[in-house]
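Okay, structure first, notes after.
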Protein chains: 2
Amino acid sequence: MEKILRIDMGAEGGPRTKETPAGAYAGLGGRAMTSGIVSKEVPPLCHPLGADNKLVIAPGLLSGTIAASSGRLSVGCKSPLTGGIKEANAGGQAAQVLARLGYAAVVLEGKPKDSTLYKIIINKDGVKISPATDLKGLGNYDLIDKVKAQHGDKVACISIGPAGEMKLSAASIACTDMEMRPTRHAGRGGVGAVMGSKGVKVIVLDDSGMKMRTAKNPDKFKAAAKEFVEGLKKNPVTGQGLPAYGTNVLTNVINEAGAYPTHNFMWGRFEGCAAISGETQAETETARGGLATHGCHRGCVIRCSGIYVNKDGHYLTKQPEYETVWAHGGNCGINDLDAIAMLDRLDDDYGLDTIEMGATIGVAMEAGIARFGDAQAAISLVKEVGKGTHLGRILGSGAAATGKVFGVERVPVVKNQSMPAYDPRGVQGIGVTYATSTMGADHTAGYAVATNIMKVGGYVDPLTPQGQVELSRNLQIATAFIDSTGMCLFIAFAIMDQPETFQALIDMINACYSLNLSANDVTDMGKSVLKAERDFNIKAGLTNAHDRLPDFFKKEPLPPHNVTFMVKDEELDTVFNW
Amino acid sequence: MEKILRIDMGAEGGPRTKETPAGAYAGLGGRAMTSGIVSKEVPPLCHPLGADNKLVIAPGLLSGTIAASSGRLSVGCKSPLTGGIKEANAGGQAAQVLARLGYAAVVLEGKPKDSTLYKIIINKDGVKISPATDLKGLGNYDLIDKVKAQHGDKVACISIGPAGEMKLSAASIACTDMEMRPTRHAGRGGVGAVMGSKGVKVIVLDDSGMKMRTAKNPDKFKAAAKEFVEGLKKNPVTGQGLPAYGTNVLTNVINEAGAYPTHNFMWGRFEGCAAISGETQAETETARGGLATHGCHRGCVIRCSGIYVNKDGHYLTKQPEYETVWAHGGNCGINDLDAIAMLDRLDDDYGLDTIEMGATIGVAMEAGIARFGDAQAAISLVKEVGKGTHLGRILGSGAAATGKVFGVERVPVVKNQSMPAYDPRGVQGIGVTYATSTMGADHTAGYAVATNIMKVGGYVDPLTPQGQVELSRNLQIATAFIDSTGMCLFIAFAIMDQPETFQALIDMINACYSLNLSANDVTDMGKSVLKAERDFNIKAGLTNAHDRLPDFFKKEPLPPHNVTFMVKDEELDTVFNW
């Protein structure tokens, strides 16, 4: 994993590849790599869909090794949604395969002169790029079927659906899972639109003939990896809650806490919650012959995913995540799991961020385009995006654009990116993360819910402003580090309360790269990633004024606790003072 | 003109009025008044369509007096288009009438709880506000017909069409002209959407029983006013060019200069130019029995407007301005004056900014929605806005939103506002104004075209970067002052080269208010307006990064001169250093 592949999609005569040693970027992985390259090489004021933007795809530091749950892929660029830097992050097989092929990053540069769409194949023999007219307009599922027919089912794919081809700001990038289904998405910030602007429909990764990455100190690495797995297994969240019910275990938890955004962030509790909870979902999956416990990539021991089958027992989609169930469920007043699963399937197929789409439909419902609670209307709206109708293009451009076009005032976005499934009034710590993250509203950038609600890593009262800035700051730093390792963010539950598991993670990195990092060093890694991202954003024109929640969170008290977001602006401005 | 009328549209039990002395705002007019109130009273981070925004309507310092061409009305708010402060400015009768009624400003505040639409009547007896359900959805022309039937044809109206009701970011506010037609628009920045968000369809101003405003020193005032008129009449632009051919006299001039943006800013010359020039337009109007010379408000001596009639000699619209003819003409490859006049009529009727709509259609054509040059398609697109279809809502949200929804990279906007009819590569001075104006891309904020092309106020070579920053700076300062007087900006042609005419303007203000302002003092007035606006914008999150032209102006050389925009970023950042 010591080389970088650059592909100039705008070269005269067609795409041109160049492989170089990692050089100045050696030793970086995942988000540190994507944000490193983007912040150094992309002009902050360039058009996100223009030739000067770059799409950087990077496995994490530990991807491709035997380390458990190390298969996260980072995708970075200037975001068409936020106008700032973006790292979106996905599970699935791609990171492990790319790492085993020896690539620390693949960078798509330039822009084709015409509308040719390309397929890129990377295997042990090198890189092959060919026009892929036959793939134009395909949904991710049909696309992957075609790839399977041509390349077998042992490859991993990174692809876009019609939304990415249309360069819509809610477009995601799909990664295939263990069954080679396009279900794991780098969802946020419109990364799929950037891939579309580069004219790339799919990257096929084939690591046949390649081996598992080995560590520089194999014995130490194995020992640390074992300790790490034990840590994940003994932790109640990663060892029990997530495997049993998946991320959707949170529906009841967040609803109970009164922080479940309902009807476009109008209330903090949803009366239809029991029907769409993780418990109900797991029961349904099991009863129908699906799977309630399943890994999204080989080597995962948390296995928080599952297989959602329809009433007839046929595969419909992967187990929809909590945030998806919320976005298409409670946020839109919808309490029908089958409809939500269908929406998840459609989003995956068209290549759309489920959070952005659910929030957008919530805004559209507030605009009167459909009635809250109308599941069939929600399905029709997402289908509009797939069809590329004018309404579809509006919705596919995200909640901020939809709010603008329909003149809606209550639009739950920060830096134009939709808020996920935690109301910042009911979980004030996550409000700080939403407001200040370099990514726009993003729960994964500093998951204060853990400490505010689940009392992981201590406890900070979710309903008061005290302590939230420090909490979010520390989590944002830690997350920037974790996102660079290739580790699934869920390992945070274990490492926050189990010092030996945290140490095992550091030991794995040290053993893998023959380093001597301390806990302080990895904190510094996190800080330096955030600093590079902040610097980029400032040059791109994002200021403290953009580190704010929309007005209505400060004005409308959220039932049932009837609190507003109370963290002061001046406090928000101290998040990055360390 | 010593009182301010405030109407709280969101008051319990319905709109509530309050009249106060001008107080801290005494002595301010026009843009100084609107930007003064907005910058002091509107929270910079509020939602532009929310209760905290205010719509400020203010006649200029000399409006309502006998001063020639003093009938400009300023409309200010936080802009839904740019996110910054906005002053949009219109001719017509409203400023004079409002001033004679004694109001230095009318401020619409708050937001109705429901979707009731109101009519506000202001006359010598006070203010009457009533629900106006019968006016809902009406185009400005039908609306004014209804008002005429109820209130006679001696009143002046300030109104919105369907675009304002839909709260679209390209929505304008119409002011009636001398014939009580809704043809003079405060066009830019979506002020009509803010009026719509306040639930106000029309303000009917009736000054019957009121008198012409008198000066504190009537004799001095009369003498200065006479000198001023003489200055306007002897100036070749205000005395001959504008009266004869209207603003559209510029089509040939700017095209000849190679700075006429054609096909969405692709080229600097339009082959169909002769067919839509001011000369052709005047000839057509005269031949058909229209009028090639006409004032937009009583007391105008420049009379740059006209009446455009159709082939059968029936009124179609007022004489379309140069920027409208360009926006709907050359920018879209359209060389059909009748079609352009129809587009102007539709824009006026729906209440849309002609510049924003033309630029938006250019972007839509680049996206492939219609073919460049297809006049009927352009008419259909504008009709979509009137109908409020999804496509119409996209287009009515302006060029930036349209570019986003359709994934277009070449979008000629600054701070999301569309560039007018002068390519910044061919007129580098106007590029500096576009980039740095507090208003977003706006030719009227510092009309460097005068010096770059027409050699008024000296000469600065339009095709080099030298001297443009100083030129734009001085013009922006002078303009902020002129926009505060109620004077039509065209008087600038006369006062820039005729010191005695400039002195006459200052003398009128001094005589009217019994002041002793010097030329330096009025410069300071201009600076203080700009400073208040800049301060607001900075707090609203607009930075130097927003004081830039889109990338492609720096990369794509513009034929025929094959120049890019060459003023350096660091130089742009010095515009407000004085």
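Chain labels run A, B, ... following the order of the structure tokens; each chain numbers its residues from 1, and ligands are numbered from 1 in the order shown.
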
Would you write out, as CSV, a table of all residues in chain B that have an atom no more than 6 Å from an atom of chain A, listing for each the closest atom pair and the distance in Å to one decimal, considering only C-alpha atoms and ordering rows by chain and rising residue number?
```
residue,atom,partner,partner_atom,distance
B:Lys167,CA,A:Gly407,CA,5.3
B:His390,CA,A:Leu391,CA,5.6
B:Leu391,CA,A:His390,CA,5.6
B:Arg393,CA,A:Val405,CA,5.8
B:Ile394,CA,A:Val405,CA,5.9
B:Ser397,CA,A:Val405,CA,5.9
B:Val405,CA,A:Arg393,CA,5.8
B:Gly407,CA,A:Lys167,CA,5.3
B:Gly541,CA,A:Ala545,CA,4.8
B:Thr543,CA,A:Gly541,CA,5.8
B:Ala545,CA,A:Gly541,CA,4.8
```

Exercise. If you count only C-alpha atoms, which residues fall within 10 Å of Thr293 of chain B, apart from same-chain ones fewer than 4 positions away, as number ranges by chain?
Worked result: B: 242-246, 282, 285-286, 302-307, 319

How about saving the chosen residues, N, CA and C atoms kept, as a compact mmCIF listing (two decimals), in the first residue's frame?
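This is the output file out_27.txt:
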```txt
# COMPACT_ATOMS: atom_id res chain seq x y z
N LEU B 242 -29.62 58.53 -24.56
CA LEU B 242 -30.66 57.82 -23.81
C LEU B 242 -32.07 58.21 -24.25
N PRO B 243 -32.35 59.51 -24.42
CA PRO B 243 -33.71 59.86 -24.87
C PRO B 243 -34.03 59.25 -26.24
N ALA B 244 -33.05 59.24 -27.15
CA ALA B 244 -33.34 58.80 -28.52
C ALA B 244 -33.55 57.29 -28.61
N TYR B 245 -32.66 56.53 -27.97
CA TYR B 245 -32.69 55.08 -28.18
C TYR B 245 -32.90 54.28 -26.90
N GLY B 246 -32.97 54.97 -25.79
CA GLY B 246 -33.11 54.24 -24.53
C GLY B 246 -31.81 53.53 -24.17
N ALA B 282 -36.03 51.35 -31.51
CA ALA B 282 -36.70 52.66 -31.59
C ALA B 282 -37.46 52.79 -32.91
N GLU B 285 -40.57 50.63 -32.74
CA GLU B 285 -41.59 51.25 -31.89
C GLU B 285 -42.27 52.40 -32.62
N THR B 286 -41.46 53.26 -33.23
CA THR B 286 -42.01 54.43 -33.90
C THR B 286 -42.89 54.02 -35.08
N ILE B 302 -34.76 62.72 -18.56
CA ILE B 302 -33.92 61.88 -19.44
C ILE B 302 -34.82 61.08 -20.39
N ARG B 303 -35.91 60.55 -19.85
CA ARG B 303 -36.92 59.88 -20.66
C ARG B 303 -36.29 58.79 -21.55
N CYS B 304 -35.64 57.86 -20.89
CA CYS B 304 -34.93 56.81 -21.64
C CYS B 304 -35.83 55.62 -21.93
N SER B 305 -37.08 55.66 -21.44
CA SER B 305 -37.95 54.53 -21.67
C SER B 305 -38.74 54.71 -22.96
N GLY B 306 -39.70 53.85 -23.17
CA GLY B 306 -40.51 53.91 -24.37
C GLY B 306 -41.67 52.95 -24.23
N ILE B 307 -42.48 52.87 -25.25
CA ILE B 307 -43.61 51.95 -25.24
C ILE B 307 -43.44 51.00 -26.42
N GLN B 319 -40.63 49.76 -23.15
CA GLN B 319 -39.44 49.48 -23.96
C GLN B 319 -38.45 48.65 -23.15
```

Exercise. Pick the closest to Thr436 of chain B from B:Asp483, B:Asp153, B:Asp573, B:Glu271: which is it, counting only C-alpha atoms?
Worked result: B:Asp573

For this session: Work out how far atom CA of Val414 of chain B is from atom CA of Asn53 of chain A, in Å to one decimal.
Result: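 These atoms are spaced 19.7 Å apart.
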
Residues near Phe565 of chain A, cut-off 12 Å, only C-alpha atoms, skip fewer than 5 positions along chain, as an mmCIF file with C-alpha atoms, in the first residue's frame:
```cif
data_model
loop_
_atom_site.group_PDB
_atom_site.id
_atom_site.type_symbol
_atom_site.label_atom_id
_atom_site.label_comp_id
_atom_site.auth_asym_id
_atom_site.auth_seq_id
_atom_site.Cartn_x
_atom_site.Cartn_y
_atom_site.Cartn_z
ATOM 1 C CA ALA A 259 -34.396 13.441 20.579
ATOM 2 C CA ASP A 423 -32.239 16.391 17.119
ATOM 3 C CA PRO A 424 -29.603 18.845 18.289
ATOM 4 C CA ARG A 425 -32.010 20.244 20.855
ATOM 5 C CA GLY A 426 -32.421 16.841 22.489
ATOM 6 C CA VAL A 427 -28.722 15.931 22.147
ATOM 7 C CA GLN A 428 -26.911 19.227 22.457
ATOM 8 C CA GLY A 429 -23.499 17.646 22.037
ATOM 9 C CA ILE A 430 -24.333 16.393 18.565
ATOM 10 C CA GLY A 431 -25.610 19.884 17.804
ATOM 11 C CA VAL A 432 -22.089 21.176 18.406
ATOM 12 C CA TYR A 434 -23.384 19.398 13.377
ATOM 13 C CA ALA A 435 -22.598 23.090 13.627
ATOM 14 C CA PRO A 462 -27.820 16.056 26.677
ATOM 15 C CA LEU A 463 -30.259 18.830 27.553
ATOM 16 C CA THR A 464 -27.863 21.474 28.831
ATOM 17 C CA PRO A 465 -25.175 23.421 26.981
ATOM 18 C CA GLN A 466 -22.470 22.692 29.555
ATOM 19 C CA GLN A 468 -20.810 19.908 24.962
ATOM 20 C CA ARG A 548 -24.223 27.599 13.093
ATOM 21 C CA LEU A 549 -27.467 25.651 13.266
ATOM 22 C CA PRO A 550 -30.450 27.091 11.396
ATOM 23 C CA ASP A 551 -32.333 29.703 13.348
ATOM 24 C CA PHE A 552 -35.330 27.561 14.180
ATOM 25 C CA PHE A 553 -33.324 25.270 16.441
ATOM 26 C CA LYS A 554 -32.653 28.271 18.642
ATOM 27 C CA LYS A 555 -36.254 29.464 18.556
ATOM 28 C CA GLU A 556 -38.577 26.465 18.503
ATOM 29 C CA PRO A 557 -38.503 24.383 21.700
ATOM 30 C CA LEU A 558 -38.542 20.657 20.929
ATOM 31 C CA LEU A 572 -19.087 27.088 19.136
#
```

Problem set entry | segment 83-89 of chain B environment, 9 Å, only C-alpha atoms, sequence neighbours closer than 4 positions dropped, as number ranges by chain | B: 30-31, 34-35, 38-39, 44-45, 47-48, 72-79, 172-173, 185-191, 415-416, 438-440, 483, 533-534, 536-538, 540-542

So that I have them on file, write out the residues from the current selection with N, CA and C atoms, as a CSV table (one decimal), in the first residue's frame.
```csv
chain,number,residue,atom,x,y,z
B,30,GLY,N,-33.3,56.6,0.5
B,30,GLY,CA,-33.0,55.5,-0.5
B,30,GLY,C,-32.2,54.4,0.1
B,31,ARG,N,-31.1,54.1,-0.5
B,31,ARG,CA,-30.2,53.0,-0.1
B,31,ARG,C,-29.6,53.2,1.2
B,34,THR,N,-32.4,52.1,3.5
B,34,THR,CA,-32.7,50.6,3.5
B,34,THR,C,-31.5,49.9,4.2
B,35,SER,N,-30.3,50.2,3.7
B,35,SER,CA,-29.1,49.5,4.2
B,35,SER,C,-28.9,49.9,5.7
B,38,VAL,N,-31.6,47.8,7.6
B,38,VAL,CA,-31.3,46.3,7.5
B,38,VAL,C,-30.1,46.0,8.3
B,39,SER,N,-29.0,46.8,8.2
B,39,SER,CA,-27.8,46.4,8.9
B,39,SER,C,-27.9,46.6,10.4
B,44,PRO,N,-28.0,39.1,10.8
B,44,PRO,CA,-27.4,38.7,9.6
B,44,PRO,C,-27.5,37.2,9.3
B,45,LEU,N,-27.7,36.4,10.3
B,45,LEU,CA,-27.9,34.9,10.0
B,45,LEU,C,-29.3,34.4,10.0
B,47,HIS,N,-33.0,33.6,8.5
B,47,HIS,CA,-33.5,33.1,7.2
B,47,HIS,C,-34.2,34.2,6.4
B,48,PRO,N,-33.8,34.4,5.2
B,48,PRO,CA,-34.3,35.6,4.4
B,48,PRO,C,-35.8,35.6,4.3
B,72,ARG,N,-36.5,57.5,-7.9
B,72,ARG,CA,-36.1,56.1,-7.6
B,72,ARG,C,-36.5,55.7,-6.2
B,73,LEU,N,-37.0,54.4,-6.2
B,73,LEU,CA,-37.3,53.8,-4.9
B,73,LEU,C,-36.3,52.8,-4.5
B,74,SER,N,-35.9,52.8,-3.3
B,74,SER,CA,-35.0,51.7,-2.8
B,74,SER,C,-35.8,50.7,-2.0
B,75,VAL,N,-35.5,49.4,-2.3
B,75,VAL,CA,-36.1,48.3,-1.5
B,75,VAL,C,-34.9,47.5,-0.9
B,76,GLY,N,-34.9,47.3,0.4
B,76,GLY,CA,-33.8,46.6,1.0
B,76,GLY,C,-34.3,45.5,1.9
B,77,CYS,N,-33.4,44.5,2.1
B,77,CYS,CA,-33.7,43.4,3.0
B,77,CYS,C,-32.4,42.5,3.0
B,78,LYS,N,-32.5,41.4,3.7
B,78,LYS,CA,-31.5,40.3,3.5
B,78,LYS,C,-32.0,39.5,2.3
B,79,SER,N,-31.1,39.3,1.4
B,79,SER,CA,-31.5,38.7,0.1
B,79,SER,C,-31.6,37.2,0.1
B,172,SER,N,-39.2,39.8,-8.3
B,172,SER,CA,-39.0,41.2,-8.2
B,172,SER,C,-40.2,41.9,-7.5
B,173,ILE,N,-40.0,43.2,-7.3
B,173,ILE,CA,-41.2,44.0,-6.8
B,173,ILE,C,-41.5,45.0,-7.9
B,185,HIS,N,-39.3,47.8,-12.1
B,185,HIS,CA,-39.1,46.7,-11.1
B,185,HIS,C,-37.9,46.9,-10.2
B,186,ALA,N,-38.0,46.7,-8.9
B,186,ALA,CA,-36.9,46.5,-8.1
B,186,ALA,C,-36.6,45.0,-8.3
B,187,GLY,N,-35.6,44.8,-9.2
B,187,GLY,CA,-35.5,43.5,-9.7
B,187,GLY,C,-34.7,42.5,-9.0
B,188,ARG,N,-33.6,43.0,-8.5
B,188,ARG,CA,-32.5,42.0,-8.2
B,188,ARG,C,-32.6,41.5,-6.7
B,189,GLY,N,-32.0,40.3,-6.6
B,189,GLY,CA,-31.8,39.7,-5.3
B,189,GLY,C,-33.0,39.1,-4.6
B,190,GLY,N,-34.1,38.9,-5.3
B,190,GLY,CA,-35.3,38.2,-4.8
B,190,GLY,C,-36.1,39.0,-3.7
B,191,VAL,N,-36.0,40.4,-3.9
B,191,VAL,CA,-36.8,41.2,-2.9
B,191,VAL,C,-38.3,40.8,-3.0
B,415,LYS,N,-21.8,35.7,-5.8
B,415,LYS,CA,-22.7,35.6,-4.6
B,415,LYS,C,-24.1,35.1,-5.1
B,416,ASN,N,-24.1,34.2,-6.0
B,416,ASN,CA,-25.3,33.6,-6.5
B,416,ASN,C,-26.2,34.5,-7.4
B,438,THR,N,-21.2,44.6,-2.7
B,438,THR,CA,-22.0,44.0,-1.6
B,438,THR,C,-23.2,43.4,-2.1
B,439,MET,N,-23.6,43.6,-3.3
B,439,MET,CA,-24.9,43.2,-3.8
B,439,MET,C,-24.8,41.9,-4.6
B,440,GLY,N,-23.7,41.3,-4.8
B,440,GLY,CA,-23.5,40.3,-5.8
B,440,GLY,C,-23.3,40.9,-7.2
B,483,ASP,N,-27.6,56.4,-5.1
B,483,ASP,CA,-28.7,55.5,-4.8
B,483,ASP,C,-29.5,56.0,-3.5
B,533,GLU,N,-23.0,47.9,4.7
B,533,GLU,CA,-23.4,46.7,3.9
B,533,GLU,C,-22.3,45.6,4.0
B,534,ARG,N,-21.1,46.1,4.0
B,534,ARG,CA,-20.0,45.1,4.1
B,534,ARG,C,-20.0,44.4,5.5
B,536,PHE,N,-22.5,43.9,7.4
B,536,PHE,CA,-23.6,43.0,7.4
B,536,PHE,C,-23.2,41.7,6.7
B,537,ASN,N,-22.7,41.9,5.5
B,537,ASN,CA,-22.3,40.7,4.7
B,537,ASN,C,-21.3,39.8,5.4
B,538,ILE,N,-20.3,40.4,6.1
B,538,ILE,CA,-19.3,39.6,6.8
B,538,ILE,C,-20.0,38.8,7.9
B,540,ALA,N,-22.9,37.9,7.9
B,540,ALA,CA,-23.8,36.8,7.2
B,540,ALA,C,-23.0,35.7,6.6
B,541,GLY,N,-21.6,35.8,6.7
B,541,GLY,CA,-20.8,34.7,6.3
B,541,GLY,C,-20.2,34.9,4.9
B,542,LEU,N,-20.3,36.1,4.4
B,542,LEU,CA,-19.6,36.4,3.1
B,542,LEU,C,-18.2,36.9,3.3
```

For this session: From segment 158-305 of chain A, collect each residue whose DSSP state is alpha helix (DSSP H) and return the set as an NGL selection string.
Result: :A and (162-165 or 191-197 or 218-234 or 236 or 242-245 or 250-256 or 278-288)

Same residues, N, CA and C atoms, saved as a compact mmCIF listing (two decimals), in the first residue's frame:
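Contents of the output file again_4.txt:
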```txt
# COMPACT_ATOMS: atom_id res chain seq x y z
N PRO A 162 -27.65 6.48 -11.47
CA PRO A 162 -28.09 7.61 -12.30
C PRO A 162 -27.91 8.97 -11.59
N ALA A 163 -28.05 9.00 -10.27
CA ALA A 163 -27.93 10.28 -9.56
C ALA A 163 -26.53 10.87 -9.74
N GLY A 164 -25.52 10.02 -9.65
CA GLY A 164 -24.16 10.49 -9.87
C GLY A 164 -23.94 10.93 -11.31
N GLU A 165 -24.51 10.17 -12.24
CA GLU A 165 -24.38 10.58 -13.65
C GLU A 165 -25.03 11.94 -13.88
N VAL A 191 -20.47 13.12 -3.19
CA VAL A 191 -19.26 12.56 -3.80
C VAL A 191 -19.59 11.84 -5.12
N GLY A 192 -20.80 11.28 -5.20
CA GLY A 192 -21.20 10.60 -6.44
C GLY A 192 -21.28 11.55 -7.63
N ALA A 193 -21.67 12.80 -7.36
CA ALA A 193 -21.72 13.80 -8.43
C ALA A 193 -20.32 14.10 -8.95
N VAL A 194 -19.35 14.10 -8.05
CA VAL A 194 -17.97 14.38 -8.47
C VAL A 194 -17.46 13.20 -9.31
N MET A 195 -17.76 11.97 -8.89
CA MET A 195 -17.37 10.81 -9.69
C MET A 195 -18.04 10.90 -11.06
N GLY A 196 -19.32 11.31 -11.07
CA GLY A 196 -20.02 11.49 -12.34
C GLY A 196 -19.36 12.56 -13.21
N SER A 197 -18.93 13.64 -12.58
CA SER A 197 -18.30 14.72 -13.36
C SER A 197 -16.96 14.26 -13.95
N PRO A 218 4.99 -8.94 12.47
CA PRO A 218 3.80 -9.80 12.38
C PRO A 218 3.35 -10.34 13.74
N ASP A 219 4.25 -10.70 14.59
CA ASP A 219 3.84 -11.29 15.87
C ASP A 219 3.13 -10.27 16.75
N LYS A 220 3.78 -9.14 16.86
CA LYS A 220 3.15 -8.07 17.65
C LYS A 220 1.79 -7.71 17.06
N PHE A 221 1.72 -7.69 15.74
CA PHE A 221 0.48 -7.33 15.08
C PHE A 221 -0.63 -8.33 15.41
N LYS A 222 -0.29 -9.63 15.31
CA LYS A 222 -1.29 -10.66 15.60
C LYS A 222 -1.79 -10.56 17.03
N ALA A 223 -0.87 -10.34 17.94
CA ALA A 223 -1.24 -10.24 19.36
C ALA A 223 -2.18 -9.05 19.58
N ALA A 224 -1.80 -7.94 18.98
CA ALA A 224 -2.63 -6.74 19.16
C ALA A 224 -4.00 -6.94 18.51
N ALA A 225 -4.00 -7.57 17.34
CA ALA A 225 -5.26 -7.80 16.63
C ALA A 225 -6.19 -8.68 17.46
N LYS A 226 -5.60 -9.64 18.13
CA LYS A 226 -6.39 -10.55 18.97
C LYS A 226 -6.98 -9.79 20.17
N GLU A 227 -6.16 -9.03 20.81
CA GLU A 227 -6.61 -8.21 21.94
C GLU A 227 -7.74 -7.27 21.49
N PHE A 228 -7.56 -6.73 20.30
CA PHE A 228 -8.54 -5.79 19.76
C PHE A 228 -9.89 -6.48 19.54
N VAL A 229 -9.85 -7.65 18.94
CA VAL A 229 -11.09 -8.40 18.71
C VAL A 229 -11.77 -8.73 20.04
N GLU A 230 -10.99 -9.13 20.99
CA GLU A 230 -11.57 -9.43 22.31
C GLU A 230 -12.25 -8.21 22.90
N GLY A 231 -11.61 -7.07 22.71
CA GLY A 231 -12.18 -5.81 23.19
C GLY A 231 -13.53 -5.53 22.54
N LEU A 232 -13.60 -5.74 21.24
CA LEU A 232 -14.86 -5.50 20.54
C LEU A 232 -15.94 -6.47 21.01
N LYS A 233 -15.52 -7.72 21.28
CA LYS A 233 -16.51 -8.74 21.64
C LYS A 233 -17.04 -8.55 23.06
N LYS A 234 -16.18 -8.05 23.95
CA LYS A 234 -16.65 -7.92 25.32
C LYS A 234 -17.44 -6.62 25.57
N PRO A 236 -20.40 -4.13 25.45
CA PRO A 236 -21.84 -4.41 25.29
C PRO A 236 -22.43 -3.85 23.99
N LEU A 242 -25.19 -4.02 18.81
CA LEU A 242 -25.09 -3.87 17.36
C LEU A 242 -25.25 -5.20 16.61
N PRO A 243 -24.59 -6.28 17.07
CA PRO A 243 -24.80 -7.55 16.36
C PRO A 243 -26.27 -8.00 16.39
N ALA A 244 -26.94 -7.80 17.51
CA ALA A 244 -28.29 -8.33 17.64
C ALA A 244 -29.31 -7.55 16.81
N TYR A 245 -29.25 -6.22 16.92
CA TYR A 245 -30.31 -5.42 16.29
C TYR A 245 -29.81 -4.46 15.22
N LEU A 250 -31.09 1.90 17.83
CA LEU A 250 -31.18 3.26 18.37
C LEU A 250 -32.57 3.87 18.31
N THR A 251 -33.44 3.36 17.44
CA THR A 251 -34.75 4.00 17.30
C THR A 251 -35.44 4.15 18.66
N ASN A 252 -35.55 3.05 19.38
CA ASN A 252 -36.20 3.14 20.69
C ASN A 252 -35.41 4.01 21.67
N VAL A 253 -34.09 3.90 21.59
CA VAL A 253 -33.24 4.65 22.52
C VAL A 253 -33.39 6.16 22.32
N ILE A 254 -33.26 6.58 21.09
CA ILE A 254 -33.29 8.03 20.80
C ILE A 254 -34.72 8.57 20.97
N ASN A 255 -35.69 7.76 20.60
CA ASN A 255 -37.08 8.17 20.78
C ASN A 255 -37.40 8.35 22.27
N GLU A 256 -36.95 7.37 23.04
CA GLU A 256 -37.15 7.45 24.50
C GLU A 256 -36.50 8.71 25.06
N GLY A 278 -35.38 -1.28 15.76
CA GLY A 278 -34.43 -2.35 15.44
C GLY A 278 -34.94 -3.70 15.89
N GLU A 279 -35.62 -3.71 17.03
CA GLU A 279 -36.16 -4.97 17.54
C GLU A 279 -37.18 -5.54 16.56
N THR A 280 -38.11 -4.68 16.12
CA THR A 280 -39.10 -5.13 15.15
C THR A 280 -38.45 -5.54 13.85
N GLN A 281 -37.48 -4.77 13.45
CA GLN A 281 -36.78 -5.03 12.18
C GLN A 281 -36.09 -6.41 12.23
N ALA A 282 -35.37 -6.68 13.31
CA ALA A 282 -34.65 -7.96 13.43
C ALA A 282 -35.64 -9.13 13.45
N GLU A 283 -36.73 -8.92 14.19
CA GLU A 283 -37.76 -9.95 14.26
C GLU A 283 -38.35 -10.23 12.88
N THR A 284 -38.65 -9.16 12.16
CA THR A 284 -39.21 -9.30 10.81
C THR A 284 -38.25 -10.04 9.89
N GLU A 285 -36.99 -9.60 9.94
CA GLU A 285 -35.99 -10.23 9.07
C GLU A 285 -35.87 -11.72 9.38
N THR A 286 -35.79 -12.03 10.65
CA THR A 286 -35.61 -13.42 11.05
C THR A 286 -36.83 -14.26 10.65
N ALA A 287 -38.02 -13.72 10.95
CA ALA A 287 -39.25 -14.45 10.65
C ALA A 287 -39.41 -14.74 9.16
N ARG A 288 -38.92 -13.81 8.34
CA ARG A 288 -39.10 -13.97 6.89
C ARG A 288 -37.96 -14.74 6.22
```

Problem set entry | Which of segment 198-401 of chain B fall in strand (DSSP E), as a PyMOL selection string | chain B and resi 200-205+291-294+305-309+315-318

Problem set entry | Contacts of Asp206 of chain B at 12 Å (only C-alpha atoms; same-chain gap of 2+ positions) as a ChimeraX atom specification | /B:93-102,120-128,147-148,151-158,203-204,208-211

Exercise. Which polymer residues have any atom within 10 Å of an atom of Phe502 of chain A, counting only C-alpha atoms, with same-chain residues fewer than 5 positions away left out, as a list in words?
Worked result: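 These residues fall inside the cut-off: Glu227, Phe228, Gly231, Ile491, Ala492, Ala494, Ile495, Met496, Asp497, Asp507 and Ala519 of chain A.
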
Exercise. From the list B:Gly446, B:Cys300, B:Asn516, B:Val385, which residue is nearest Gly239 of chain B when using only C-alpha atoms?
Worked result: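 The answer is B:Cys300, which sits nearest to Gly239 of chain B.
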
Exercise. Taking into account only C-alpha atoms, which residue in the set B:Met525, B:Leu117, B:Ile379, B:Ala24 is nearest to Met342 of chain B?
Worked result: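 Comparing B:Met525, B:Leu117, B:Ile379, B:Ala24 against Met342 of chain B, the winner is B:Ile379.
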